[in-house]
Amino acid sequence: MVDWTKIRSDFPALQRKINNRSVVYLDSACMALKPKQVIEAMNEYYEKYPACAGRSIHKFGEEASNAYLAARKKFAKFLNASHPEECIWTRNATESLNIVASSVRLPKGSKIVTTSLEHHSGSLPFIERAKRDGLSVEVIKARTDGTFDIEDWKRTVDNNTSLVSVVHSSNVTGTVAPLKEIIEIAHDRGALVMSDDAQYAPHHPLDVQALDVDFSAISAHKMCGPTGMGVLYGKLEHLKSMNMFLYGGDTVRDVHFENGKIIPEYLPPPEKFEAGLQNYAGAIGAGAAAEYLLSIGMEEIEKHERTLLEIVVKRLLEMNHVHILGTDDITIKTGLVTFRVDTIPSAHDVATFLNDEFNVMVRSGWHCAGPFHYQMGIDPKKGTVRASFYLYNNMEDVNAFLEGLTKLIEISS
Amino acid sequence: MFRPRIAMPDLSENARCVLKILEAGDSLTTTEILELARTEKYSGICTDCAGGDAFVAAANQLVELKLITKKFGKGGYSWQLAKD
């Protein structure tokens, strides 16, 4: 049995009072708060062994190398990757997606399949790759509730499809895609699958081997880790065959100088993709975040969020003037709900009011998902409001949010 | 004529754009500001307004700086330049 009150006390930011009121943080889909375990792990690097990993032979260097290596192993365990080398440190999920989009080898004239529900980072890198190499792109339209018709996938992914880029859990509707089925369809037709797990990985158990996914993109900052850190998971065989993304120090086994020519000999993954001095503190923090979440249990976290979400969705459905975007079936949702209030044209006003009057922090805007907003006929600049829940939220948070929203509707109606 | 009490270069592009738009109107709603930001007239200075969140965050910073005020009522917030 998880002691959620104790978990909450791990997060220093939640101890803050603003205008003598507690803060209600419901913006974890954008940025998760950091537990002291992650902050301490990063501080330890800066305070005790702030050196170069894998280069310097002194004691600080040795300790930094060990911590850096251990962090990768922790992250591999979090994803159930078969080798730590399959986890590449990046700046964020966006960079992970860009590395695959720009470096994976795709046959000339082949097709990339993506969806209307993608975050811009899940579609644009592939659209630009297609432009660059003369590939075609086909977009599968999500249903209005944010789910997919699996028949659309069977029809659209054909033998000419080389890659599928799909969001595992939408940052707008929270809907979880039937990834296992999509991967089976794609593999059956010889296509690779890139899964955008930025929203899925922090909230659900993720097993890349069981899914048989080819690539997965993750942001550490959404899973209690530091900002500016992400992971690209890739099957080793794919990572080995991919072109490099950046060249330079730390990517080479040797650099020869023969007959006036510089001849490089590059390292295999992960070093192949990690050029230059790395964000060691960030990697150590990301590893600590993965370890922290695993120590609680991803099934438990998923269950906790759904308990809160069930109450929120039920109440929102009962409220006049509130319209939920996407499915209200919480069994296929990550812990977030996006909605509009029809008495207030701008979602930003809803977010501003909740913040100003109730210290309730939610996100407003188009959530970097312009195509789905346009598909739903929602003017992106008016946007939608997103409340997202995580392991540190509790019923008091839910009640404060609902109280604020009730007040807002009362005043604005 | 509106005269900002802090140097304009200290303000973000978004904040400067909000100020420019409010200079032209008496009191504007959030939606009106965002709609104006996307018009030809402001296209040179307002470049980050598609989703609106960064823009409204900048407007809220201007409220903190007491350069503009906001008021909540039916239909949402209205914003205007602070009176001297």
# chains A, B, ... in the order shown; residues from 1 in each chain; ligands from 1

$ residues_around --residues "Tyr42 in chain B" --least-positions-apart "4" --cutoff "9 Å" --atoms "only C-alpha atoms" --output "ChimeraX atom specification"
/B:17,20-21,36-38,46-47

$ write_last_selection --atoms "all heavy atoms" --output "compact mmCIF listing (two decimals), in the first residue's frame"
# COMPACT_ATOMS: atom_id res chain seq x y z
N CYS B 17 4.63 43.55 -27.58
CA CYS B 17 3.52 43.44 -28.52
C CYS B 17 2.18 43.71 -27.81
O CYS B 17 1.33 44.43 -28.34
CB CYS B 17 3.52 42.05 -29.15
SG CYS B 17 2.31 41.88 -30.44
N LYS B 20 1.85 47.42 -27.29
CA LYS B 20 1.55 48.10 -28.56
C LYS B 20 0.06 47.97 -28.90
O LYS B 20 -0.58 48.94 -29.32
CB LYS B 20 2.37 47.47 -29.70
CG LYS B 20 3.70 48.13 -29.91
CD LYS B 20 3.55 49.20 -31.01
CE LYS B 20 4.87 49.89 -31.26
NZ LYS B 20 4.96 51.22 -30.76
N ILE B 21 -0.45 46.77 -28.71
CA ILE B 21 -1.86 46.54 -29.05
C ILE B 21 -2.76 47.33 -28.11
O ILE B 21 -3.74 47.95 -28.54
CB ILE B 21 -2.17 45.02 -28.99
CG1 ILE B 21 -1.49 44.30 -30.16
CG2 ILE B 21 -3.67 44.76 -29.01
CD1 ILE B 21 -1.50 42.80 -30.07
N LEU B 36 -5.89 40.58 -32.71
CA LEU B 36 -5.14 41.72 -33.25
C LEU B 36 -3.67 41.35 -33.49
O LEU B 36 -3.06 41.77 -34.47
CB LEU B 36 -5.22 42.92 -32.30
CG LEU B 36 -6.54 43.71 -32.36
CD1 LEU B 36 -6.65 44.63 -31.16
CD2 LEU B 36 -6.60 44.51 -33.66
N ALA B 37 -3.13 40.56 -32.57
CA ALA B 37 -1.72 40.18 -32.68
C ALA B 37 -1.42 39.45 -33.98
O ALA B 37 -0.30 39.49 -34.49
CB ALA B 37 -1.32 39.31 -31.50
N ARG B 38 -2.45 38.80 -34.51
CA ARG B 38 -2.24 38.02 -35.74
C ARG B 38 -2.56 38.81 -37.00
O ARG B 38 -2.47 38.27 -38.11
CB ARG B 38 -3.05 36.74 -35.70
CG ARG B 38 -2.67 35.86 -34.52
CD ARG B 38 -3.31 34.51 -34.60
NE ARG B 38 -2.53 33.62 -35.44
CZ ARG B 38 -2.79 32.33 -35.59
NH1 ARG B 38 -3.78 31.79 -34.96
NH2 ARG B 38 -2.04 31.57 -36.36
N CYS B 46 4.56 40.90 -33.47
CA CYS B 46 3.91 39.81 -32.73
C CYS B 46 4.13 38.50 -33.47
O CYS B 46 3.51 38.26 -34.50
CB CYS B 46 2.42 40.07 -32.59
SG CYS B 46 2.09 41.58 -31.68
N THR B 47 5.02 37.69 -32.96
CA THR B 47 5.37 36.47 -33.69
C THR B 47 5.08 35.21 -32.90
O THR B 47 5.19 34.13 -33.41
CB THR B 47 6.86 36.49 -34.07
OG1 THR B 47 7.59 36.69 -32.85
CG2 THR B 47 7.18 37.58 -35.05

$ interface_residues --of "chain A" --to "chain B" --cutoff "9 Å" --atoms "only C-alpha atoms" --output "PyMOL selection string"
chain A and resi 343-346+348-350+352-353+363-368+370+380-383+411-413

$ write_last_selection --atoms "C-alpha atoms" --output "compact mmCIF listing (two decimals), in the first residue's frame"
# COMPACT_ATOMS: atom_id res chain seq x y z
CA THR A 343 -18.95 31.08 -21.11
CA ILE A 344 -15.30 32.07 -21.49
CA PRO A 345 -14.03 32.20 -25.09
CA SER A 346 -10.35 32.12 -24.16
CA HIS A 348 -6.17 31.41 -21.11
CA ASP A 349 -8.74 33.32 -19.07
CA VAL A 350 -9.81 30.11 -17.35
CA THR A 352 -5.50 32.85 -15.35
CA PHE A 353 -8.59 32.93 -13.12
CA ARG A 363 -2.23 24.72 -18.75
CA SER A 364 -4.07 26.58 -21.47
CA GLY A 365 -3.40 26.88 -25.17
CA TRP A 366 -3.14 24.57 -28.12
CA HIS A 367 -0.67 22.26 -26.36
CA CYS A 368 1.59 22.13 -29.43
CA GLY A 370 -2.48 22.56 -33.77
CA PRO A 380 -5.97 27.41 -31.42
CA LYS A 381 -5.56 30.92 -30.07
CA LYS A 382 -8.67 30.44 -27.92
CA GLY A 383 -7.30 27.05 -27.00
CA ILE A 411 -19.19 34.59 -12.31
CA SER A 412 -18.92 34.29 -16.07
CA SER A 413 -22.42 32.95 -16.82

$ residues_around --residues "Val255 in chain A" --least-positions-apart "5" --cutoff "6 Å" --atoms "only C-alpha atoms" --output "PyMOL selection string"
chain A and resi 263-265

$ write_last_selection --atoms "C-alpha atoms" --output "PDB file, in the first residue's frame"
ATOM      1  CA  ILE A 263      39.987   9.665 -41.043  1.00  0.00           C
ATOM      2  CA  PRO A 264      37.504   9.061 -38.194  1.00  0.00           C
ATOM      3  CA  GLU A 265      36.518   5.716 -36.760  1.00  0.00           C
TER       4      GLU A 265
END

$ atom_distance --atom1 "CA of Gly230 in chain A" --atom2 "CA of Cys87 in chain A"
9.6 Å

$ atom_distance --atom1 "CA of Ala286 in chain A" --atom2 "CA of Asn43 in chain A"
12.9 Å

$ atom_distance --atom1 "CA of Ala59 in chain B" --atom2 "CA of Asn14 in chain B"
8.0 Å

$ select_by_dssp --residues "chain B" --states "alpha helix (DSSP H)" --output "count of residues only"
32

$ select_by_dssp --residues "range 77-265 of chain A" --states "strand (DSSP E)" --output "number ranges by chain"
A: 87-90, 111-115, 136-140, 161-167, 192-196, 215-219, 230-234, 252-258, 261-265

$ residues_around --residues "Lys108 in chain A" --least-positions-apart "5" --cutoff "12 Å" --atoms "only C-alpha atoms" --output "list in words"
Arg129, Ala130, Lys131, Arg132, Asp133, Gly134, Leu135, Ser136, Asn160, Thr161 and Ser162 of chain A
